[in-house]
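protein.json, holding JSON, C-alpha atoms:
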[["chain", "number", "residue", "atom", "x", "y", "z"],
["A", 25, "MET", "CA", 51.55, 15.53, -49.88],
["A", 26, "LYS", "CA", 49.93, 17.09, -52.98],
["A", 27, "LYS", "CA", 49.23, 20.31, -51.02],
["A", 28, "LEU", "CA", 52.84, 20.42, -49.75],
["A", 29, "LEU", "CA", 54.25, 19.97, -53.26],
["A", 30, "THR", "CA", 52.00, 22.75, -54.55],
["A", 31, "ILE", "CA", 53.24, 25.16, -51.87],
["A", 32, "ILE", "CA", 56.87, 24.27, -52.62],
["A", 33, "PHE", "CA", 56.34, 24.73, -56.35],
["A", 34, "VAL", "CA", 54.64, 28.10, -55.89],
["A", 35, "THR", "CA", 57.41, 29.33, -53.57],
["A", 36, "LEU", "CA", 60.23, 28.21, -55.86],
["A", 37, "PHE", "CA", 58.53, 29.67, -58.90],
["A", 38, "PHE", "CA", 58.03, 32.99, -57.13],
["A", 39, "ILE", "CA", 61.69, 33.14, -56.09],
["A", 40, "SER", "CA", 62.83, 32.22, -59.60],
["A", 41, "ALA", "CA", 60.55, 34.81, -61.21],
["A", 42, "CYS", "CA", 61.79, 37.54, -58.88],
["A", 43, "SER", "CA", 65.45, 36.71, -59.57],
["A", 44, "GLU", "CA", 64.87, 36.78, -63.34],
["A", 45, "LYS", "CA", 63.03, 40.09, -63.25],
["A", 46, "THR", "CA", 65.30, 42.21, -61.13],
["A", 47, "SER", "CA", 64.02, 45.77, -61.25],
["A", 48, "PRO", "CA", 66.20, 48.89, -61.26],
["A", 49, "ALA", "CA", 64.99, 49.56, -57.71],
["A", 50, "ASP", "CA", 66.09, 46.09, -56.59],
["A", 51, "LYS", "CA", 69.54, 46.71, -58.02],
["A", 52, "LEU", "CA", 69.83, 49.95, -56.07],
["A", 53, "MET", "CA", 68.91, 48.10, -52.87],
["A", 54, "SER", "CA", 71.41, 45.26, -53.30],
["A", 55, "ASN", "CA", 74.94, 45.29, -51.89],
["A", 56, "PRO", "CA", 74.49, 48.43, -49.80],
["A", 57, "GLU", "CA", 77.33, 50.76, -48.89],
["A", 58, "GLU", "CA", 77.91, 50.62, -45.15],
["A", 59, "VAL", "CA", 78.64, 53.90, -43.37],
["A", 60, "LYS", "CA", 79.83, 53.90, -39.77],
["A", 61, "ILE", "CA", 78.06, 56.44, -37.56],
["A", 62, "THR", "CA", 79.87, 57.32, -34.35],
["A", 63, "SER", "CA", 78.29, 60.69, -33.60],
["A", 64, "LEU", "CA", 75.49, 63.05, -34.55],
["A", 65, "SER", "CA", 78.04, 64.92, -36.65],
["A", 66, "ASP", "CA", 78.55, 61.79, -38.76],
["A", 67, "LEU", "CA", 74.81, 61.53, -39.27],
["A", 68, "ASP", "CA", 74.59, 65.22, -40.20],
["A", 69, "GLU", "CA", 77.32, 64.68, -42.80],
["A", 70, "VAL", "CA", 75.28, 61.91, -44.43],
["A", 71, "PHE", "CA", 72.15, 64.06, -44.48],
["A", 72, "THR", "CA", 74.11, 67.00, -45.93],
["A", 73, "GLN", "CA", 75.72, 64.81, -48.60],
["A", 74, "PHE", "CA", 72.28, 63.83, -49.88],
["A", 75, "HIS", "CA", 70.70, 67.29, -49.50],
["A", 76, "TYR", "CA", 68.46, 65.85, -46.84],
["A", 77, "THR", "CA", 68.66, 68.54, -44.16],
["A", 78, "GLN", "CA", 66.09, 70.76, -42.49],
["A", 79, "ALA", "CA", 67.07, 73.61, -44.81],
["A", 80, "ASP", "CA", 66.60, 71.40, -47.87],
["A", 81, "TRP", "CA", 63.25, 70.32, -46.50],
["A", 82, "GLU", "CA", 62.11, 73.91, -45.99],
["A", 83, "ASN", "CA", 63.24, 74.76, -49.54],
["A", 84, "GLY", "CA", 60.82, 72.19, -50.91],
["A", 85, "ASN", "CA", 63.21, 69.34, -51.68],
["A", 86, "LYS", "CA", 61.07, 66.20, -51.93],
["A", 87, "GLU", "CA", 63.82, 63.75, -52.85],
["A", 88, "VAL", "CA", 64.69, 61.23, -50.15],
["A", 89, "PRO", "CA", 67.90, 59.16, -50.22],
["A", 90, "ARG", "CA", 67.83, 55.40, -49.90],
["A", 91, "LEU", "CA", 69.00, 54.94, -46.32],
["A", 92, "THR", "CA", 68.57, 52.10, -43.86],
["A", 93, "PHE", "CA", 69.98, 51.58, -40.39],
["A", 94, "GLU", "CA", 70.68, 48.43, -38.43],
["A", 95, "LYS", "CA", 68.96, 49.33, -35.17],
["A", 96, "VAL", "CA", 68.22, 52.14, -32.75],
["A", 97, "ASN", "CA", 71.44, 53.39, -31.22],
["A", 98, "PRO", "CA", 71.50, 52.09, -27.60],
["A", 99, "LYS", "CA", 72.43, 55.62, -26.50],
["A", 100, "TRP", "CA", 69.50, 57.24, -28.34],
["A", 101, "GLN", "CA", 67.36, 57.61, -25.19],
["A", 102, "GLU", "CA", 70.13, 59.48, -23.39],
["A", 103, "ILE", "CA", 71.17, 61.50, -26.45],
["A", 104, "SER", "CA", 67.63, 62.56, -27.31],
["A", 105, "ASP", "CA", 66.92, 63.64, -23.74],
["A", 106, "ASN", "CA", 69.73, 66.18, -24.06],
["A", 107, "MET", "CA", 68.78, 67.84, -27.32],
["A", 108, "PRO", "CA", 65.96, 70.15, -28.41],
["A", 109, "VAL", "CA", 62.74, 68.25, -29.10],
["A", 110, "LYS", "CA", 62.69, 69.66, -32.64],
["A", 111, "ASN", "CA", 66.09, 68.07, -33.39],
["A", 112, "LYS", "CA", 65.04, 64.76, -31.84],
["A", 113, "LYS", "CA", 61.97, 64.61, -34.07],
["A", 114, "MET", "CA", 63.92, 65.65, -37.16],
["A", 115, "ILE", "CA", 66.46, 62.84, -36.74],
["A", 116, "PHE", "CA", 63.78, 60.24, -36.13],
["A", 117, "LEU", "CA", 61.73, 61.31, -39.16],
["A", 118, "ARG", "CA", 64.80, 61.55, -41.42],
["A", 119, "LEU", "CA", 65.77, 57.98, -40.53],
["A", 120, "MET", "CA", 62.28, 56.48, -40.78],
["A", 121, "LEU", "CA", 61.01, 58.15, -43.96],
["A", 122, "PRO", "CA", 63.37, 56.28, -46.33],
["A", 123, "LEU", "CA", 62.22, 52.98, -44.79],
["A", 124, "VAL", "CA", 58.60, 53.91, -45.40],
["A", 125, "LEU", "CA", 59.26, 54.88, -49.02],
["A", 126, "VAL", "CA", 61.29, 51.72, -49.70],
["A", 127, "SER", "CA", 58.49, 49.59, -48.22],
["A", 128, "ASN", "CA", 55.92, 51.38, -50.37],
["A", 129, "GLU", "CA", 58.12, 50.94, -53.44],
["A", 130, "ARG", "CA", 58.15, 47.17, -52.88],
["A", 131, "ILE", "CA", 54.38, 47.13, -52.44],
["A", 132, "LEU", "CA", 53.96, 48.95, -55.75],
["A", 133, "GLN", "CA", 56.15, 46.32, -57.44],
["A", 134, "GLU", "CA", 53.83, 43.63, -56.09],
["A", 135, "ARG", "CA", 50.80, 45.63, -57.17],
["A", 136, "GLU", "CA", 52.04, 45.69, -60.76],
["A", 137, "VAL", "CA", 52.33, 41.89, -60.66],
["A", 138, "VAL", "CA", 48.78, 41.58, -59.33],
["A", 139, "LYS", "CA", 47.45, 43.85, -62.07],
["A", 140, "SER", "CA", 49.06, 41.95, -64.94],
["A", 141, "ALA", "CA", 49.31, 38.33, -63.80],
["A", 142, "LYS", "CA", 46.99, 35.56, -64.91],
["A", 143, "LEU", "CA", 44.66, 34.13, -62.27],
["A", 144, "ASN", "CA", 46.64, 30.89, -62.04],
["A", 145, "SER", "CA", 50.04, 32.58, -61.98],
["A", 146, "ALA", "CA", 52.28, 31.13, -59.28],
["A", 147, "GLU", "CA", 53.68, 34.59, -58.58],
["A", 148, "LEU", "CA", 50.17, 36.00, -58.12],
["A", 149, "ILE", "CA", 49.19, 33.14, -55.81],
["A", 150, "ALA", "CA", 52.30, 33.67, -53.66],
["A", 151, "ILE", "CA", 51.40, 37.35, -53.20],
["A", 152, "ALA", "CA", 47.78, 36.44, -52.45],
["A", 153, "VAL", "CA", 48.90, 34.00, -49.74],
["A", 154, "LYS", "CA", 51.22, 36.62, -48.26],
["A", 155, "TYR", "CA", 48.37, 39.14, -48.01],
["A", 156, "LYS", "CA", 45.91, 36.51, -46.69],
["A", 157, "ALA", "CA", 43.62, 36.89, -49.68],
["A", 158, "VAL", "CA", 43.64, 33.10, -50.25],
["A", 159, "ASP", "CA", 44.71, 30.11, -48.21],
["A", 160, "GLU", "CA", 47.94, 28.22, -48.80],
["A", 161, "GLY", "CA", 47.49, 25.52, -51.40],
["A", 162, "ALA", "CA", 45.28, 27.57, -53.72],
["A", 163, "SER", "CA", 45.89, 26.74, -57.38],
["A", 164, "SER", "CA", 44.17, 29.81, -58.83],
["A", 165, "LEU", "CA", 42.35, 32.99, -57.90],
["A", 166, "THR", "CA", 38.89, 34.05, -58.94],
["A", 167, "GLU", "CA", 38.46, 37.48, -60.50],
["A", 168, "GLN", "CA", 36.79, 38.64, -57.29],
["A", 169, "GLN", "CA", 39.74, 37.42, -55.23],
["A", 170, "LYS", "CA", 42.11, 39.29, -57.54],
["A", 171, "GLN", "CA", 40.15, 42.51, -57.05],
["A", 172, "ASP", "CA", 40.21, 41.98, -53.29],
["A", 173, "LEU", "CA", 43.97, 41.44, -53.51],
["A", 174, "LEU", "CA", 44.36, 44.72, -55.40],
["A", 175, "SER", "CA", 42.61, 46.50, -52.54],
["A", 176, "ARG", "CA", 45.16, 45.00, -50.15],
["A", 177, "VAL", "CA", 48.35, 45.51, -52.14],
["A", 178, "ASN", "CA", 48.69, 49.28, -52.02],
["A", 179, "THR", "CA", 50.74, 51.91, -50.25],
["A", 180, "ILE", "CA", 50.39, 53.49, -46.83],
["A", 181, "PRO", "CA", 50.72, 57.31, -46.79],
["A", 182, "PRO", "CA", 54.13, 58.20, -45.32],
["A", 183, "SER", "CA", 52.50, 60.75, -43.00],
["A", 184, "LEU", "CA", 50.40, 58.01, -41.39],
["A", 185, "ALA", "CA", 53.26, 55.52, -41.07],
["A", 186, "LEU", "CA", 55.53, 58.16, -39.54],
["A", 187, "ALA", "CA", 52.86, 59.34, -37.12],
["A", 188, "GLN", "CA", 52.19, 55.80, -35.92],
["A", 189, "ALA", "CA", 55.89, 55.03, -35.61],
["A", 190, "ALA", "CA", 56.40, 58.18, -33.54],
["A", 191, "GLU", "CA", 53.36, 57.49, -31.38],
["A", 192, "GLU", "CA", 53.98, 53.78, -30.81],
["A", 193, "SER", "CA", 57.75, 54.03, -30.22],
["A", 194, "ALA", "CA", 57.88, 57.41, -28.44],
["A", 195, "TRP", "CA", 60.04, 58.77, -31.27],
["A", 196, "GLY", "CA", 62.25, 55.69, -31.19],
["A", 197, "THR", "CA", 62.97, 55.79, -27.45],
["A", 198, "SER", "CA", 60.71, 52.96, -26.24],
["A", 199, "ARG", "CA", 62.14, 49.77, -24.79],
["A", 200, "PHE", "CA", 60.45, 47.80, -27.56],
["A", 201, "ALA", "CA", 62.14, 49.87, -30.28],
["A", 202, "LEU", "CA", 65.51, 49.53, -28.59],
["A", 203, "GLU", "CA", 65.27, 45.79, -27.87],
["A", 204, "GLY", "CA", 63.47, 44.54, -30.94],
["A", 205, "ASN", "CA", 63.17, 47.19, -33.64],
["A", 206, "ALA", "CA", 59.48, 47.37, -32.72],
["A", 207, "PHE", "CA", 58.23, 50.74, -33.93],
["A", 208, "PHE", "CA", 54.53, 50.02, -34.32],
["A", 209, "GLY", "CA", 53.43, 48.15, -31.19],
["A", 210, "GLN", "CA", 52.25, 45.04, -33.04],
["A", 211, "TRP", "CA", 51.19, 42.22, -30.75],
["A", 212, "ASP", "CA", 52.74, 38.76, -30.91],
["A", 213, "PHE", "CA", 51.20, 35.60, -29.43],
["A", 214, "SER", "CA", 53.93, 33.21, -30.62],
["A", 215, "GLY", "CA", 55.91, 33.44, -27.41],
["A", 216, "ASN", "CA", 58.78, 35.21, -29.20],
["A", 217, "GLY", "CA", 57.61, 38.76, -28.56],
["A", 218, "ILE", "CA", 59.04, 41.24, -26.09],
["A", 219, "LYS", "CA", 57.12, 40.88, -22.84],
["A", 220, "PRO", "CA", 55.57, 44.07, -21.44],
["A", 221, "LYS", "CA", 56.61, 44.79, -17.85],
["A", 222, "GLN", "CA", 52.94, 44.63, -16.83],
["A", 223, "GLN", "CA", 51.34, 41.92, -18.95],
["A", 224, "ARG", "CA", 47.54, 41.73, -18.86],
["A", 225, "LYS", "CA", 46.77, 38.13, -17.91],
["A", 226, "GLU", "CA", 43.28, 38.15, -19.44],
["A", 227, "LEU", "CA", 44.79, 38.65, -22.90],
["A", 228, "GLY", "CA", 46.95, 35.55, -22.74],
["A", 229, "ASN", "CA", 50.68, 35.09, -23.28],
["A", 230, "TYR", "CA", 51.37, 38.02, -25.57],
["A", 231, "GLY", "CA", 54.30, 40.26, -26.33],
["A", 232, "ILE", "CA", 55.30, 42.99, -28.75],
["A", 233, "ALA", "CA", 56.54, 41.63, -32.07],
["A", 234, "ARG", "CA", 60.29, 41.95, -32.58],
["A", 235, "PHE", "CA", 61.96, 42.40, -35.97],
["A", 236, "ASP", "CA", 65.41, 41.80, -37.39],
["A", 237, "SER", "CA", 65.73, 45.39, -38.61],
["A", 238, "PRO", "CA", 63.87, 48.71, -38.61],
["A", 239, "LEU", "CA", 63.01, 48.13, -42.29],
["A", 240, "ALA", "CA", 61.49, 44.77, -41.45],
["A", 241, "SER", "CA", 59.42, 46.49, -38.77],
["A", 242, "VAL", "CA", 58.01, 48.96, -41.31],
["A", 243, "GLU", "CA", 57.29, 46.17, -43.79],
["A", 244, "GLY", "CA", 55.60, 44.14, -41.05],
["A", 245, "TYR", "CA", 53.43, 47.10, -40.10],
["A", 246, "MET", "CA", 52.33, 47.67, -43.69],
["A", 247, "LEU", "CA", 51.56, 43.99, -44.23],
["A", 248, "ASN", "CA", 49.52, 44.01, -41.02],
["A", 249, "ILE", "CA", 47.46, 47.00, -42.20],
["A", 250, "ASN", "CA", 47.06, 45.48, -45.66],
["A", 251, "SER", "CA", 46.05, 41.98, -44.62],
["A", 252, "THR", "CA", 44.33, 41.96, -41.21],
["A", 253, "SER", "CA", 40.54, 42.07, -41.02],
["A", 254, "ALA", "CA", 40.66, 44.78, -38.35],
["A", 255, "TYR", "CA", 41.78, 47.27, -41.00],
["A", 256, "GLN", "CA", 39.32, 46.39, -43.75],
["A", 257, "SER", "CA", 37.75, 49.85, -43.45],
["A", 258, "LEU", "CA", 41.11, 51.47, -44.28],
["A", 259, "ARG", "CA", 41.46, 49.31, -47.37],
["A", 260, "ASP", "CA", 37.89, 50.02, -48.43],
["A", 261, "LEU", "CA", 38.33, 53.79, -48.11],
["A", 262, "ARG", "CA", 41.66, 53.68, -49.92],
["A", 263, "ALA", "CA", 40.17, 51.62, -52.77],
["A", 264, "LYS", "CA", 37.28, 54.07, -53.02],
["A", 265, "GLU", "CA", 39.68, 56.99, -53.36],
["A", 266, "VAL", "CA", 41.76, 55.13, -55.95],
["A", 267, "ALA", "CA", 38.65, 54.28, -57.99],
["A", 268, "ALA", "CA", 37.65, 57.95, -57.95],
["A", 269, "GLY", "CA", 41.12, 58.99, -59.14],
["A", 270, "ASN", "CA", 41.92, 60.71, -55.85],
["A", 271, "THR", "CA", 45.01, 60.61, -53.68],
["A", 272, "TYR", "CA", 44.61, 59.46, -50.09],
["A", 273, "SER", "CA", 46.30, 61.22, -47.20],
["A", 274, "GLY", "CA", 47.44, 59.99, -43.84],
["A", 275, "THR", "CA", 44.96, 62.28, -42.14],
["A", 276, "LEU", "CA", 42.11, 60.72, -44.12],
["A", 277, "LEU", "CA", 43.07, 57.09, -43.55],
["A", 278, "ALA", "CA", 43.86, 57.67, -39.87],
["A", 279, "GLY", "CA", 40.12, 57.94, -39.30],
["A", 280, "THR", "CA", 39.73, 54.22, -40.03],
["A", 281, "LEU", "CA", 42.15, 53.00, -37.34],
["A", 282, "ILE", "CA", 39.60, 52.73, -34.55],
["A", 283, "LYS", "CA", 40.78, 49.16, -33.82],
["A", 284, "TYR", "CA", 44.53, 49.85, -33.81],
["A", 285, "SER", "CA", 44.49, 50.98, -30.20],
["A", 286, "GLU", "CA", 42.24, 50.49, -27.21],
["A", 287, "ARG", "CA", 42.12, 54.28, -27.02],
["A", 288, "GLY", "CA", 39.79, 54.26, -30.02],
["A", 289, "GLN", "CA", 38.81, 57.71, -31.21],
["A", 290, "ALA", "CA", 41.32, 59.36, -28.89],
["A", 291, "TYR", "CA", 44.07, 57.45, -30.72],
["A", 292, "ILE", "CA", 42.77, 58.66, -34.08],
["A", 293, "ASP", "CA", 42.58, 62.25, -32.83],
["A", 294, "GLY", "CA", 46.13, 61.95, -31.52],
["A", 295, "LEU", "CA", 47.47, 60.70, -34.84],
["A", 296, "ARG", "CA", 45.77, 63.49, -36.76],
["A", 297, "SER", "CA", 47.11, 66.07, -34.32],
["A", 298, "LEU", "CA", 50.61, 64.61, -34.63],
["A", 299, "ILE", "CA", 50.42, 64.74, -38.43],
["A", 300, "SER", "CA", 49.19, 68.33, -38.39],
["A", 301, "TYR", "CA", 51.54, 69.71, -35.72],
["A", 302, "ASN", "CA", 54.65, 68.13, -37.25],
["A", 303, "LYS", "CA", 53.59, 68.91, -40.85],
["A", 304, "LEU", "CA", 53.90, 65.27, -41.81],
["A", 305, "GLY", "CA", 51.47, 65.75, -44.67],
["A", 306, "LEU", "CA", 54.42, 67.17, -46.60],
["A", 307, "THR", "CA", 55.94, 63.68, -46.73],
["A", 308, "ASP", "CA", 53.06, 62.17, -48.70],
["A", 309, "ASP", "CA", 54.48, 63.36, -52.02],
["A", 310, "THR", "CA", 58.15, 62.67, -51.33],
["A", 311, "TYR", "CA", 60.03, 60.20, -53.52],
["A", 312, "LEU", "CA", 63.17, 58.08, -53.41],
["A", 313, "SER", "CA", 66.36, 59.17, -55.10],
["A", 314, "ASN", "CA", 68.36, 56.87, -57.35],
["A", 315, "ASN", "CA", 71.35, 56.59, -55.05],
["A", 316, "LYS", "CA", 72.73, 53.17, -54.18],
["A", 317, "LEU", "CA", 71.47, 52.08, -50.79],
["A", 318, "VAL", "CA", 73.43, 53.40, -47.81],
["A", 319, "HIS", "CA", 73.23, 51.32, -44.65],
["A", 320, "LEU", "CA", 74.07, 53.12, -41.43],
["A", 321, "VAL", "CA", 75.78, 51.10, -38.71],
["A", 322, "TYR", "CA", 76.63, 52.12, -35.15]]
Hey, can you dump this file as structure tokens for me?
Amino acid sequence: MKKLLTIIFVTLFFISACSEKTSPADKLMSNPEEVKITSLSDLDEVFTQFHYTQADWENGNKEVPRLTFEKVNPKWQEISDNMPVKNKKMIFLRLMLPLVLVSNERILQEREVVKSAKLNSAELIAIAVKYKAVDEGASSLTEQQKQDLLSRVNTIPPSLALAQAAEESAWGTSRFALEGNAFFGQWDFSGNGIKPKQQRKELGNYGIARFDSPLASVEGYMLNINSTSAYQSLRDLRAKEVAAGNTYSGTLLAGTLIKYSERGQAYIDGLRSLISYNKLGLTDDTYLSNNKLVHLVY
């Protein structure tokens, strides 16, 4: 009972603290403006309105509007099959990049809390539980646990997130992306995942994790990278670069993802090639604009 009460107290305190300290970014993300998209022309109009076109990109514009979308358009497979590959990729990247930047923005907000909070702060403990740095029921962190948490609560380079989303979802055309907003091929053993057509019996009753929205999929992917033991080497390399005052690129961190896919080194080589060929490295220094969130619906 004592453990249960502690968890409830920590959760309520965390929610209360977040509501009292609403950041400017949170205000921009609340009460989004919904925009109905019925055609590619509608989507082009939105991109043009926010100076978020291919021409703007080539002219060095690094500002990215706050856009989200409810799901992959059910007709996307058919539509994308009948357009130039370059256009297909451009649309996919333009829609996914804002989600990546918003997810990173939220991680940076959490990182600031971790940096400044006292070791017994309820808000700090809630974040530590979320990132699997401590078990539920913890009443305080040690200094070492706080430093470990700092290595977990940090951003993923947009180039890497975009490359993995493109690779794992076939540029948004996979059945998993269409049925469950699953852009990163994360496995699910809860019984609620999307079952592959050819499930490997030796691996048990698994599926591909489904998400309520594309943004939730991106956030789930980042939390997976930042909390799972399989990706400790990524977090170690990132922390090393941060300590040295260096930036970390998607190409660099991709080299640590040997356990993300059974393809191993071939998967890493594929990601690096995808980043290079599609010039995704240019996204690593993009930033969000201050527009009120626009939510695209189909």
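The residue that comes closest to Asp309 in chain A, out of A:Met246, A:Leu258, A:Ile180, A:Ala268 and on the basis of all atoms listed in the file, is A:Ile180.
With all atoms listed in the file as the atoms that count, the minimum distance from Ala152 in chain A to the choices A:Ala189, A:Ala206, A:Val96, A:Leu247 is reached by A:Leu247.
Using all atoms listed in the file, the contacts of Gln133 in chain A at a cut-off of 10 Å, with sequence neighbours closer than 6 positions omitted, comprise Ser47, Ala49, Asp50, Val177 and Asn178 of chain A.
Counting only C-alpha atoms, Ser63 in chain A has the following residues at most 12 Å away, ignoring those fewer than 4 positions along the same chain: Val59, Leu67, Asp68, Glu69, Val70, Asn97, Lys99, Trp100, Ile103, Leu320, Val321 and Tyr322 of chain A.
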Using only C-alpha atoms, which protein or nucleic acid residues come within 9 Å of Arg135 in chain A? Drop anything in the same chain fewer than 3 positions from it, and give the result as an mmCIF file with C-alpha atoms, keeping the file's coordinate frame.
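Final file, result37.cif:
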data_model
loop_
_atom_site.group_PDB
_atom_site.id
_atom_site.type_symbol
_atom_site.label_atom_id
_atom_site.label_comp_id
_atom_site.auth_asym_id
_atom_site.auth_seq_id
_atom_site.Cartn_x
_atom_site.Cartn_y
_atom_site.Cartn_z
ATOM 1 C CA ARG A 130 58.150 47.170 -52.880
ATOM 2 C CA ILE A 131 54.380 47.130 -52.440
ATOM 3 C CA LEU A 132 53.960 48.950 -55.750
ATOM 4 C CA VAL A 138 48.780 41.580 -59.330
ATOM 5 C CA LYS A 139 47.450 43.850 -62.070
ATOM 6 C CA SER A 140 49.060 41.950 -64.940
ATOM 7 C CA LEU A 173 43.970 41.440 -53.510
ATOM 8 C CA LEU A 174 44.360 44.720 -55.400
ATOM 9 C CA VAL A 177 48.350 45.510 -52.140
ATOM 10 C CA ASN A 178 48.690 49.280 -52.020
#
Grab the CA of Glu129 in chain A to CA of Lys51 in chain A distance for me, in Å with one decimal place. 13.0 Å
At a cut-off of 12 Å around the point (41.7, 41.8, -53.6) (file coordinates), what residues fall inside when counting all atoms listed in the file? I'd like the answer as a PDB file with C-alpha atoms, keeping the file's coordinate frame.
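The resulting file, result25.pdb, is reproduced below:
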ATOM      1  CA  ARG A 135      50.800  45.630 -57.170  1.00  0.00           C
ATOM      2  CA  VAL A 138      48.780  41.580 -59.330  1.00  0.00           C
ATOM      3  CA  LYS A 139      47.450  43.850 -62.070  1.00  0.00           C
ATOM      4  CA  LEU A 143      44.660  34.130 -62.270  1.00  0.00           C
ATOM      5  CA  LEU A 148      50.170  36.000 -58.120  1.00  0.00           C
ATOM      6  CA  ILE A 149      49.190  33.140 -55.810  1.00  0.00           C
ATOM      7  CA  ILE A 151      51.400  37.350 -53.200  1.00  0.00           C
ATOM      8  CA  ALA A 152      47.780  36.440 -52.450  1.00  0.00           C
ATOM      9  CA  VAL A 153      48.900  34.000 -49.740  1.00  0.00           C
ATOM     10  CA  TYR A 155      48.370  39.140 -48.010  1.00  0.00           C
ATOM     11  CA  LYS A 156      45.910  36.510 -46.690  1.00  0.00           C
ATOM     12  CA  ALA A 157      43.620  36.890 -49.680  1.00  0.00           C
ATOM     13  CA  VAL A 158      43.640  33.100 -50.250  1.00  0.00           C
ATOM     14  CA  LEU A 165      42.350  32.990 -57.900  1.00  0.00           C
ATOM     15  CA  THR A 166      38.890  34.050 -58.940  1.00  0.00           C
ATOM     16  CA  GLU A 167      38.460  37.480 -60.500  1.00  0.00           C
ATOM     17  CA  GLN A 168      36.790  38.640 -57.290  1.00  0.00           C
ATOM     18  CA  GLN A 169      39.740  37.420 -55.230  1.00  0.00           C
ATOM     19  CA  LYS A 170      42.110  39.290 -57.540  1.00  0.00           C
ATOM     20  CA  GLN A 171      40.150  42.510 -57.050  1.00  0.00           C
ATOM     21  CA  ASP A 172      40.210  41.980 -53.290  1.00  0.00           C
ATOM     22  CA  LEU A 173      43.970  41.440 -53.510  1.00  0.00           C
ATOM     23  CA  LEU A 174      44.360  44.720 -55.400  1.00  0.00           C
ATOM     24  CA  SER A 175      42.610  46.500 -52.540  1.00  0.00           C
ATOM     25  CA  ARG A 176      45.160  45.000 -50.150  1.00  0.00           C
ATOM     26  CA  VAL A 177      48.350  45.510 -52.140  1.00  0.00           C
ATOM     27  CA  ASN A 178      48.690  49.280 -52.020  1.00  0.00           C
ATOM     28  CA  ASN A 250      47.060  45.480 -45.660  1.00  0.00           C
ATOM     29  CA  SER A 251      46.050  41.980 -44.620  1.00  0.00           C
ATOM     30  CA  GLN A 256      39.320  46.390 -43.750  1.00  0.00           C
ATOM     31  CA  ARG A 259      41.460  49.310 -47.370  1.00  0.00           C
ATOM     32  CA  ASP A 260      37.890  50.020 -48.430  1.00  0.00           C
ATOM     33  CA  ALA A 263      40.170  51.620 -52.770  1.00  0.00           C
TER      34      ALA A 263
END
